[in-house]
$ cat structure-v4.txt   # compact mmCIF, C-alpha atoms
# COMPACT_ATOMS: atom_id res chain seq x y z
CA MET A 1 137.12 154.91 45.36
CA MET A 2 134.84 157.31 47.25
CA MET A 3 131.94 155.97 49.32
CA HIS A 4 128.51 157.59 49.03
CA PRO A 5 127.65 159.49 52.25
CA LYS A 6 124.57 157.35 52.93
CA THR A 7 126.57 154.21 52.30
CA HIS A 8 129.24 155.49 54.65
CA ARG A 9 126.72 156.15 57.41
CA CYS A 10 125.24 152.63 56.98
CA ALA A 11 128.67 151.10 57.19
CA PHE A 12 129.38 153.11 60.36
CA VAL A 13 126.13 152.00 62.00
CA LEU A 14 126.71 148.37 61.11
CA THR A 15 130.25 148.55 62.42
CA GLY A 16 129.00 150.04 65.69
CA LEU A 17 126.32 147.37 66.12
CA LEU A 18 128.87 144.65 65.46
CA ALA A 19 131.12 146.10 68.15
CA ILE A 20 128.23 146.13 70.65
CA VAL A 21 127.27 142.55 69.83
CA LEU A 22 130.85 141.36 70.25
CA ALA A 23 131.13 143.19 73.55
CA VAL A 24 128.08 141.42 75.07
CA PRO A 25 128.99 138.03 76.65
CA ALA A 26 127.59 135.14 74.65
CA GLN A 27 124.62 133.34 76.33
CA ALA A 28 125.40 129.67 76.75
CA ALA A 29 122.87 127.33 75.15
CA PRO A 30 120.70 125.60 77.77
CA VAL A 31 122.11 122.22 78.75
CA ALA A 32 119.57 119.40 78.51
CA ARG A 33 119.08 117.61 81.82
CA SER A 34 119.08 113.85 82.04
CA VAL A 35 118.90 111.11 84.61
CA THR A 36 122.29 110.11 85.99
CA TRP A 37 121.94 106.36 85.88
CA LEU A 38 124.35 104.52 88.17
CA LYS A 39 126.16 101.59 86.60
CA SER A 40 127.27 99.80 89.79
CA PHE A 41 124.50 97.81 91.45
CA ASP A 42 126.31 97.71 94.80
CA ALA A 43 126.72 101.48 94.75
CA ALA A 44 123.04 101.98 93.94
CA CYS A 45 121.96 99.77 96.87
CA ARG A 46 124.42 101.48 99.21
CA ILE A 47 123.16 104.97 98.32
CA ALA A 48 119.55 103.75 98.54
CA LYS A 49 120.24 102.51 102.07
CA GLN A 50 121.86 105.82 103.05
CA LYS A 51 118.94 107.85 101.68
CA ASP A 52 116.24 105.32 102.62
CA ARG A 53 114.96 105.04 99.05
CA LEU A 54 114.10 102.35 96.55
CA VAL A 55 116.30 101.56 93.56
CA LEU A 56 114.78 101.98 90.09
CA ALA A 57 116.63 99.37 88.03
CA TYR A 58 116.26 99.84 84.27
CA PHE A 59 117.24 96.86 82.09
CA SER A 60 117.88 98.15 78.58
CA GLY A 61 119.41 97.54 75.18
CA SER A 62 120.35 101.14 74.58
CA ASP A 63 121.83 100.94 71.08
CA TRP A 64 119.72 98.25 69.43
CA GLU A 65 116.26 97.91 71.04
CA PRO A 66 113.82 100.33 69.35
CA TYR A 67 111.45 100.46 72.31
CA CYS A 68 114.30 101.42 74.65
CA GLN A 69 115.19 104.22 72.26
CA LYS A 70 111.56 105.25 72.00
CA LEU A 71 111.24 105.37 75.79
CA GLN A 72 114.44 107.38 76.07
CA LYS A 73 113.14 110.00 73.66
CA GLU A 74 109.56 110.22 74.83
CA VAL A 75 109.69 109.48 78.57
CA LEU A 76 113.07 108.97 80.22
CA SER A 77 114.53 112.30 79.06
CA SER A 78 111.40 114.29 79.98
CA ASP A 79 111.40 116.84 82.78
CA ASN A 80 108.51 114.95 84.43
CA PHE A 81 110.49 111.73 84.67
CA ILE A 82 113.76 113.42 85.69
CA LYS A 83 112.05 115.31 88.51
CA TRP A 84 110.26 112.15 89.66
CA VAL A 85 113.52 110.19 89.77
CA ASP A 86 115.35 113.00 91.61
CA ALA A 87 112.62 113.14 94.24
CA ASN A 88 111.89 109.45 94.77
CA VAL A 89 114.43 106.79 93.77
CA ILE A 90 118.05 105.89 93.12
CA PRO A 91 118.39 105.18 89.35
CA PHE A 92 120.42 102.19 88.18
CA ASN A 93 120.85 101.13 84.57
CA CYS A 94 121.63 97.53 83.67
CA ASP A 95 122.43 97.88 79.97
CA PHE A 96 123.09 95.23 77.33
CA PRO A 97 124.53 97.13 74.35
CA GLY A 98 124.96 95.44 71.01
CA ASN A 99 128.35 97.02 70.35
CA ASN A 100 130.08 94.91 73.03
CA LYS A 101 131.78 97.94 74.58
CA GLN A 102 130.42 97.02 77.99
CA ASP A 103 133.46 95.67 79.83
CA LEU A 104 133.49 96.76 83.46
CA PHE A 105 129.88 95.84 84.24
CA LYS A 106 129.26 93.05 81.74
CA LYS A 107 129.49 90.20 84.25
CA GLN A 108 127.52 92.12 86.86
CA ASN A 109 124.70 92.77 84.40
CA GLU A 110 124.58 89.19 83.16
CA ASP A 111 124.36 88.01 86.77
CA LEU A 112 121.56 90.49 87.51
CA LYS A 113 119.64 89.39 84.42
CA THR A 114 119.69 85.83 85.75
CA ARG A 115 119.03 86.79 89.35
CA PHE A 116 115.96 88.87 88.52
CA GLN A 117 114.75 86.64 85.67
CA VAL A 118 114.74 89.40 83.08
CA SER A 119 114.00 87.91 79.68
CA VAL A 120 112.99 91.03 77.74
CA VAL A 121 114.00 94.68 77.59
CA PRO A 122 112.99 97.34 78.35
CA MET A 123 112.19 96.15 81.86
CA PHE A 124 112.03 98.07 85.13
CA LEU A 125 112.33 96.80 88.69
CA LEU A 126 111.70 98.70 91.90
CA LEU A 127 114.05 97.21 94.48
CA ASP A 128 114.39 97.81 98.19
CA ASN A 129 117.81 98.77 99.47
CA ASP A 130 118.59 95.11 100.13
CA GLY A 131 118.16 94.48 96.40
CA GLU A 132 114.84 92.63 96.70
CA VAL A 133 112.02 93.12 94.17
CA VAL A 134 109.18 95.39 95.21
CA ALA A 135 107.61 95.89 91.76
CA ARG A 136 108.22 94.86 88.16
CA PHE A 137 106.94 96.62 85.04
CA SER A 138 107.79 96.99 81.38
CA TYR A 139 107.30 99.20 78.34
CA ASP A 140 103.51 99.05 78.41
CA GLN A 141 103.28 100.62 81.87
CA VAL A 142 105.57 103.62 81.28
CA LYS A 143 105.19 104.33 77.57
CA LEU A 144 103.90 107.66 76.28
CA GLN A 145 100.15 107.49 75.77
CA GLU A 146 98.61 108.39 72.41
CA ASN A 147 96.97 111.53 73.77
CA GLU A 148 100.17 112.80 75.45
CA PRO A 149 102.74 115.10 73.79
CA VAL A 150 106.37 113.97 73.67
CA GLY A 151 108.07 114.88 76.93
CA LYS A 152 104.83 114.92 78.98
CA PRO A 153 104.37 111.32 80.21
CA VAL A 154 101.65 112.01 82.79
CA ALA A 155 100.25 108.46 82.84
CA ALA A 156 103.71 106.96 83.36
CA ILE A 157 104.37 109.19 86.37
CA GLU A 158 100.99 108.27 87.85
CA PHE A 159 101.84 104.58 87.43
CA LEU A 160 105.23 105.07 89.11
CA ASP A 161 103.63 106.99 91.98
CA ASN A 162 101.18 104.14 92.54
CA ALA A 163 104.02 101.62 92.49
CA LEU A 164 105.73 103.57 95.26
CA LYS A 165 102.53 103.81 97.29
CA ASN A 166 102.11 100.03 97.11
CA LYS A 167 105.60 99.24 98.37
CA PRO A 168 105.66 97.15 101.55
CA ASP A 169 106.47 98.99 104.75
CA GLN A 170 109.75 98.36 106.54
CA GLU A 171 109.10 95.58 109.03
CA LYS A 172 110.73 94.86 112.35
CA LEU A 173 111.76 91.29 113.05
CA LEU A 174 109.39 89.61 115.52
CA VAL A 175 111.81 88.07 118.01
CA GLN A 176 110.33 86.03 120.85
CA PRO A 177 111.60 87.00 124.32
CA SER A 178 112.62 83.47 125.30
CA LEU A 179 112.85 79.95 123.97
CA ALA A 180 109.78 78.96 125.97
CA ALA A 181 107.84 81.89 124.48
CA ALA A 182 109.00 80.91 120.99
CA VAL A 183 107.72 77.36 121.49
CA ASP A 184 104.38 78.55 122.90
CA TYR A 185 103.93 80.99 120.01
CA ALA A 186 104.79 78.29 117.47
CA LYS A 187 102.22 75.91 118.96
CA ALA A 188 99.52 78.58 119.10
CA HIS A 189 99.94 79.55 115.45
CA LYS A 190 100.89 76.10 114.06
CA LEU A 191 104.34 77.33 112.99
CA PRO A 192 107.86 75.92 113.33
CA VAL A 193 110.55 77.54 115.46
CA LEU A 194 113.60 79.09 113.78
CA PHE A 195 116.37 79.32 116.36
CA LEU A 196 119.47 81.45 115.62
CA LEU A 197 122.31 80.48 117.95
CA THR A 198 125.64 82.33 117.98
CA ARG A 199 128.81 81.67 119.96
CA PRO A 200 130.92 84.82 120.20
CA ASP A 201 134.26 84.87 122.01
CA PRO A 202 134.63 88.07 124.09
CA ALA A 203 138.41 87.79 123.83
CA LYS A 204 138.42 87.74 120.03
CA PRO A 205 137.00 89.96 117.27
CA PRO A 206 133.77 88.82 115.57
CA THR A 207 134.24 86.16 112.92
CA PRO A 208 132.70 86.42 109.42
CA MET A 209 129.76 84.26 110.47
CA HIS A 210 129.14 86.40 113.55
CA LYS A 211 128.86 89.36 111.19
CA GLU A 212 126.62 87.39 108.82
CA ALA A 213 124.26 86.60 111.70
CA ASP A 214 124.05 90.30 112.62
CA LYS A 215 123.43 91.32 109.00
CA LEU A 216 120.79 88.64 108.43
CA VAL A 217 118.39 89.90 111.09
CA ASP A 218 118.46 93.39 109.52
CA LEU A 219 117.58 92.29 105.97
CA GLN A 220 114.00 93.00 104.94
CA ARG A 221 113.71 89.89 102.80
CA PHE A 222 114.60 87.65 105.73
CA ILE A 223 112.47 89.70 108.15
CA ARG A 224 109.37 89.50 105.95
CA TRP A 225 109.83 85.77 105.46
CA ALA A 226 110.45 85.05 109.16
CA ASN A 227 107.54 87.23 110.30
CA ILE A 228 105.21 85.12 108.18
CA ASN A 229 106.56 81.59 108.39
CA VAL A 230 108.23 80.95 111.75
CA SER A 231 108.39 81.72 115.43
CA PHE A 232 111.84 83.31 115.65
CA TYR A 233 114.22 83.29 118.58
CA LYS A 234 117.89 84.15 118.85
CA ALA A 235 120.33 83.48 121.67
CA LYS A 236 124.00 83.15 122.48
CA TRP A 237 125.58 79.85 123.40
CA PRO A 238 124.89 79.58 127.15
CA ASP A 239 127.71 79.65 129.64
CA PRO A 240 127.98 76.38 131.62
CA SER A 241 127.52 78.34 134.85
CA ASP A 242 124.32 80.04 133.65
CA LYS A 243 121.39 78.52 135.60
CA THR A 244 118.62 80.80 134.32
CA GLU A 245 115.46 79.20 132.97
CA ASP A 246 116.14 80.23 129.40
CA ALA A 247 119.77 79.08 129.47
CA THR A 248 118.63 75.71 130.86
CA LEU A 249 116.08 75.32 128.04
CA VAL A 250 118.66 76.25 125.41
CA LYS A 251 121.13 73.74 126.85
CA GLY A 252 118.40 71.12 126.73
CA LEU A 253 117.72 71.88 123.08
CA ILE A 254 121.43 71.69 122.28
CA GLU A 255 121.60 68.30 123.94
CA LYS A 256 118.38 67.02 122.36
CA PHE A 257 119.47 67.88 118.81
CA LYS A 258 123.18 67.15 119.43
CA LEU A 259 124.16 70.64 118.23
CA GLY A 260 127.90 71.10 118.03
CA PRO A 261 129.48 74.50 118.69
CA ALA A 262 129.60 76.91 115.75
CA ASP A 263 130.12 80.63 115.35
CA ALA A 264 126.53 80.87 114.10
CA GLN A 265 123.87 78.34 113.24
CA MET A 266 120.14 78.26 112.51
CA VAL A 267 117.94 75.37 113.53
CA LEU A 268 114.44 74.92 112.13
CA TYR A 269 112.26 72.55 114.12
CA VAL A 270 108.67 71.76 114.98
CA PRO A 271 107.90 71.59 118.72
CA GLY A 272 107.15 68.01 119.69
CA GLU A 273 109.12 66.38 116.86
CA ALA A 274 112.09 64.21 117.81
CA GLY A 275 114.54 65.82 115.40
CA PHE A 276 115.04 69.11 113.63
CA ARG A 277 113.91 69.95 110.11
CA SER A 278 117.16 71.59 109.10
CA ARG A 279 120.40 73.03 110.49
CA THR A 280 122.28 75.77 108.64
CA LEU A 281 125.88 76.60 109.54
CA ALA A 282 126.80 79.09 106.82
CA TRP A 283 125.09 81.65 104.59
CA ASN A 284 125.95 84.75 102.58
CA THR A 285 123.78 87.83 103.02
CA THR A 286 125.02 89.36 99.77
CA GLU A 287 123.36 86.46 97.92
CA LEU A 288 120.43 85.50 100.09
CA LYS A 289 118.48 83.40 97.62
CA PRO A 290 120.13 80.01 98.42
CA LEU A 291 119.38 80.43 102.13
CA MET A 292 115.79 81.56 101.59
CA THR A 293 115.15 78.74 99.11
CA LYS A 294 116.50 76.20 101.58
CA LEU A 295 114.48 77.53 104.51
CA GLN A 296 111.28 77.64 102.46
CA LYS A 297 111.85 74.08 101.26
CA ASP A 298 112.41 72.84 104.82
CA LEU A 299 109.19 74.34 106.19
CA PRO A 300 106.57 71.81 107.28
CA LEU A 301 103.63 71.82 104.88
CA ILE A 302 100.57 73.49 106.37
CA GLU A 303 97.45 71.49 105.60
CA TYR A 304 94.59 73.81 104.74
CA ARG A 305 91.18 72.91 103.40
CA GLY A 306 89.48 75.80 101.66
CA ILE A 307 86.23 75.11 103.46
CA ASP A 308 87.82 76.05 106.81
CA TRP A 309 87.43 79.60 108.08
CA LEU A 310 90.50 80.47 110.15
CA ASN A 311 90.73 83.09 112.88
CA ASP A 312 94.54 83.43 112.84
CA VAL A 313 95.99 86.08 110.50
CA ARG A 314 99.56 84.86 111.03
CA LEU A 315 98.62 81.33 110.00
CA ALA A 316 96.76 82.65 106.96
CA ARG A 317 99.86 84.53 105.82
CA ALA A 318 101.98 81.39 106.29
CA ILE A 319 99.55 79.40 104.13
CA MET A 320 99.71 82.09 101.42
CA SER A 321 103.50 81.79 101.40
CA GLN A 322 103.16 78.09 100.53
CA GLN A 323 100.13 78.12 98.24
CA PRO A 324 99.11 80.44 95.38
CA LYS A 325 96.18 81.98 97.24
CA ARG A 326 94.90 85.39 98.28
CA ALA A 327 93.27 86.05 101.67
CA MET A 328 89.71 87.11 102.40
CA PHE A 329 89.32 88.76 105.80
CA LEU A 330 85.68 88.76 106.90
CA TYR A 331 84.95 91.30 109.64
CA PHE A 332 81.94 89.88 111.42
CA THR A 333 79.72 90.23 114.46
CA ASP A 334 76.75 88.16 115.65
CA GLY A 335 74.83 91.33 116.44
CA SER A 336 74.47 92.44 112.82
CA GLU A 337 71.47 91.56 110.67
CA PHE A 338 73.52 91.97 107.50
CA CYS A 339 76.23 89.64 108.83
CA GLN A 340 73.57 86.99 109.14
CA LYS A 341 72.28 87.77 105.64
CA LEU A 342 75.81 87.53 104.19
CA GLU A 343 76.29 84.10 105.76
CA THR A 344 72.95 82.57 104.85
CA GLU A 345 72.46 84.13 101.39
CA ILE A 346 76.07 83.93 100.14
CA LEU A 347 78.79 82.30 102.25
CA LYS A 348 76.89 79.10 103.08
CA THR A 349 75.57 78.50 99.57
CA GLU A 350 76.80 75.76 97.28
CA GLU A 351 77.99 78.33 94.72
CA PHE A 352 80.38 79.90 97.23
CA SER A 353 81.89 76.53 98.11
CA GLY A 354 83.55 76.28 94.70
CA TRP A 355 86.08 78.74 93.29
CA PRO A 356 86.61 80.92 96.43
CA PHE A 357 87.72 77.89 98.45
CA HIS A 358 90.49 77.26 95.92
CA ALA A 359 91.48 80.90 95.42
CA PHE A 360 91.41 82.31 98.97
CA VAL A 361 92.51 81.61 102.49
CA LEU A 362 89.35 82.41 104.43
CA VAL A 363 89.72 84.28 107.72
CA LYS A 364 86.82 85.30 109.95
CA LEU A 365 87.61 88.07 112.42
CA ASP A 366 84.89 87.99 115.08
CA TYR A 367 83.95 91.23 116.88
CA SER A 368 80.87 89.89 118.65
CA LYS A 369 80.34 91.56 122.00
CA GLY A 370 80.66 89.31 125.06
CA ALA A 371 82.57 86.58 123.18
CA ASP A 372 85.37 84.90 125.12
CA ARG A 373 88.58 85.43 123.10
CA PRO A 374 92.21 84.98 124.19
CA LYS A 375 94.24 88.20 124.50
CA TRP A 376 96.36 87.52 121.40
CA LEU A 377 93.21 87.11 119.33
CA GLU A 378 91.63 90.24 120.79
CA ASP A 379 94.83 92.23 120.04
CA GLN A 380 95.06 90.75 116.53
CA ASN A 381 91.46 91.62 115.65
CA LYS A 382 91.80 95.15 116.96
CA GLY A 383 95.00 95.63 114.96
CA GLN A 384 93.38 94.30 111.79
CA ALA A 385 90.38 96.61 112.18
CA ASP A 386 92.66 99.62 112.75
CA LEU A 387 94.84 98.63 109.80
CA TYR A 388 92.00 98.91 107.29
CA GLY A 389 89.82 101.44 109.11
CA ILE A 390 86.90 99.06 109.64
CA ARG A 391 83.92 100.80 111.19
CA GLY A 392 81.00 98.52 110.31
CA TYR A 393 80.09 94.86 109.79
CA PRO A 394 80.06 92.78 107.71
CA TYR A 395 83.05 93.83 105.65
CA CYS A 396 85.40 91.81 103.46
CA ILE A 397 88.98 92.89 102.79
CA LEU A 398 90.91 91.02 100.08
CA VAL A 399 94.68 90.86 100.45
CA ASN A 400 97.44 89.42 98.26
CA PRO A 401 100.53 87.53 99.55
CA LYS A 402 102.42 90.81 99.70
CA GLY A 403 100.03 92.06 102.34
CA GLN A 404 98.53 94.64 99.98
CA LYS A 405 94.83 95.33 100.07
CA ILE A 406 93.55 94.49 96.58
CA GLY A 407 89.85 95.04 97.07
CA GLU A 408 86.87 94.98 99.37
CA ALA A 409 83.29 93.77 99.43
CA LYS A 410 80.19 94.22 101.53
CA TYR A 411 76.88 92.43 101.71
CA MET A 412 75.09 92.93 98.40
CA LYS A 413 71.78 91.84 97.04
CA GLY A 414 71.75 89.35 94.21
CA GLY A 415 73.03 86.31 96.05
CA PRO A 416 76.30 84.47 95.44
CA LYS A 417 76.44 85.19 91.70
CA THR A 418 76.78 88.96 92.17
CA PHE A 419 79.16 88.59 95.11
CA LEU A 420 81.39 86.07 93.33
CA ALA A 421 81.55 88.26 90.22
CA GLU A 422 82.95 91.08 92.36
CA LEU A 423 85.51 88.76 93.97
CA LYS A 424 86.59 87.38 90.60
CA LYS A 425 87.11 90.86 89.19
CA VAL A 426 89.39 91.83 92.09
CA TYR A 427 91.24 88.51 92.00
CA ASP A 428 91.90 88.63 88.25
CA LYS A 429 93.07 92.23 88.41
CA ASP A 430 95.62 91.41 91.09
CA THR A 431 96.78 88.31 89.23
CA GLU A 432 97.41 90.30 86.08
CA ARG A 433 99.09 93.30 87.67
CA ARG A 434 102.86 93.52 87.47
CA LEU A 435 103.56 94.36 91.10
CA LEU A 436 104.91 90.86 91.62
CA THR A 437 106.25 89.42 94.84
CA GLY A 438 108.31 86.44 95.85
CA GLN A 439 105.66 83.73 95.53
CA ASP A 440 104.10 85.39 92.47
CA GLU A 441 107.30 86.23 90.66
CA VAL A 442 107.68 84.59 87.27
CA ILE A 443 109.87 85.03 84.24
CA ALA A 444 108.60 88.13 82.50
CA THR A 445 106.79 87.68 79.22
CA PRO A 446 107.43 90.09 76.36
CA PRO A 447 105.20 93.18 76.57
CA THR A 448 102.61 93.87 73.92
CA ARG A 449 103.67 96.38 71.30
CA ASP A 450 101.60 99.09 69.69

$ encode --input "structure-v4.txt" --output "structure tokens"
Amino acid sequence: MMMHPKTHRCAFVLTGLLAIVLAVPAQAAPVARSVTWLKSFDAACRIAKQKDRLVLAYFSGSDWEPYCQKLQKEVLSSDNFIKWVDANVIPFNCDFPGNNKQDLFKKQNEDLKTRFQVSVVPMFLLLDNDGEVVARFSYDQVKLQENEPVGKPVAAIEFLDNALKNKPDQEKLLVQPSLAAAVDYAKAHKLPVLFLLTRPDPAKPPTPMHKEADKLVDLQRFIRWANINVSFYKAKWPDPSDKTEDATLVKGLIEKFKLGPADAQMVLYVPGEAGFRSRTLAWNTTELKPLMTKLQKDLPLIEYRGIDWLNDVRLARAIMSQQPKRAMFLYFTDGSEFCQKLETEILKTEEFSGWPFHAFVLVKLDYSKGADRPKWLEDQNKGQADLYGIRGYPYCILVNPKGQKIGEAKYMKGGPKTFLAELKKVYDKDTERRLLTGQDEVIATPPTRD
């Protein structure tokens, strides 16, 4: 059969084009990026410590919970979220699949669910690299908003950025230079002494409890608690031949409380009391909750009447650790007309003596010129003014138990009603927010659904 010339030319052209196409290397289809969620909690905390980052722990039901699947499609697989995770956190996924294929990490995840009181998924926790909660939020905070296209969760990223900004700073443990200094500090601030005593043997390697003592003083959860609640001092078991003043005081304390030798022990006591409040001979830094619960329980109760204005920030923080209160720091000076107006028109009225006295620890920081203040108080007040950039008086800074500034207030016309309305708005907003801390932390309630 003969082919028509035109048909032949078409066939030739098509054959040539096919040859060219086949000769060109095929372009690989773009590979969709995704977050590489770690499955091992220990590994996530270890990497977070190495990189000095927080852990983003995502509690999910990947194959059965519709809101987890919705988040995965609309937010978690978006370029915005992936870039944010890569730049800011170590991602960890604690999954509870319905198909029961979770074998290796099943026990770990069940334990974490109990440890962090997770009662609903999806749930997110920001954790420090010691595994302690910095922030808690759920579907409502990171969902795609109605006015946002799929894959562009701008509001969610803004929320996550704010959560990072509100994280507590790394603290250094406040260790008193001597036992005498620890006692004096405790008396000045109405706090107990927490004494960490170790007994290493130079001829032998450190024991497990020696290592636990070293680890404990580096953990942020312990540091934050100790810096608020106690006057902390640590020492080694004194040598019998040591005649220094501090060694003599430590020996006297050992004798007074009949402390037997131990590789490591912590003694909580109130200066002036005949006995100690508690003595702890063993703890596990990988599961710190039992120790922290015990220490908190053994603290002496601080009596605080809401009508009292304190001048001690450290004491105010200790009260907040025991009672569900926020703090109001009043920056004040006698030389200000508006300070006088604030006191007479608002703070000394009957209306102010109600709800604020139950809701806040009241702290007056006096900057009056010529006033006779001890050095520690002068240093404290200067530090507090620098911390919040105070440049004028009167000024009120409102702080939650986490140490976060939650609001501010100045003198305002309208009397106590207007002022209290402003305080209540700030207080309620902080109560409702999901950046929960130790004293505030509760079992999460199911998020509202659209």

$ closest_residue --input "structure-v4.txt" --among "A:Leu194, A:Ala235, A:Leu423, A:Ala213" --to "Leu295 of chain A" --atoms "only C-alpha atoms"
A:Leu194

$ residues_around --input "structure-v4.txt" --residues "Ser278 of chain A" --least-positions-apart "4" --cutoff "10 Å" --atoms "all atoms listed in the file" --output "ChimeraX atom specification"
/A:194,266-269,294-295,297-299

$ write_last_selection --input "structure-v4.txt" --atoms "C-alpha atoms" --output "PDB file, in the frame of the given file"
ATOM      1  CA  LEU A 194     113.600  79.090 113.780  1.00  0.00           C
ATOM      2  CA  MET A 266     120.140  78.260 112.510  1.00  0.00           C
ATOM      3  CA  VAL A 267     117.940  75.370 113.530  1.00  0.00           C
ATOM      4  CA  LEU A 268     114.440  74.920 112.130  1.00  0.00           C
ATOM      5  CA  TYR A 269     112.260  72.550 114.120  1.00  0.00           C
ATOM      6  CA  LYS A 294     116.500  76.200 101.580  1.00  0.00           C
ATOM      7  CA  LEU A 295     114.480  77.530 104.510  1.00  0.00           C
ATOM      8  CA  LYS A 297     111.850  74.080 101.260  1.00  0.00           C
ATOM      9  CA  ASP A 298     112.410  72.840 104.820  1.00  0.00           C
ATOM     10  CA  LEU A 299     109.190  74.340 106.190  1.00  0.00           C
TER      11      LEU A 299
END

$ closest_residue --input "structure-v4.txt" --among "A:Leu291, A:Ala135, A:Ala57, A:Gln141" --to "Lys113 of chain A" --atoms "all atoms listed in the file"
A:Ala57

$ residues_around --input "structure-v4.txt" --residues "segment 176-178 of chain A" --least-positions-apart "2" --cutoff "8 Å" --atoms "all atoms listed in the file" --output "list of chain:residue names"
A:Leu174, A:Ala180, A:Ala181, A:Ala182, A:Ser231, A:Phe232, A:Tyr233, A:Asp246

$ closest_residue --input "structure-v4.txt" --among "A:Gly414, A:Pro238, A:Pro168, A:Pro153" --to "Ile82 of chain A" --atoms "only C-alpha atoms"
A:Pro153

$ residues_near_point --input "structure-v4.txt" --point "(103.0, 105.6, 93.2)" --cutoff "12 Å" --atoms "all atoms listed in the file" --output "ChimeraX atom specification"
/A:84-85,88-89,126,135,155-167,435

$ atom_distance --input "structure-v4.txt" --atom1 "atom CA of Asp130 of chain A" --atom2 "atom CA of Gln117 of chain A"
17.2 Å
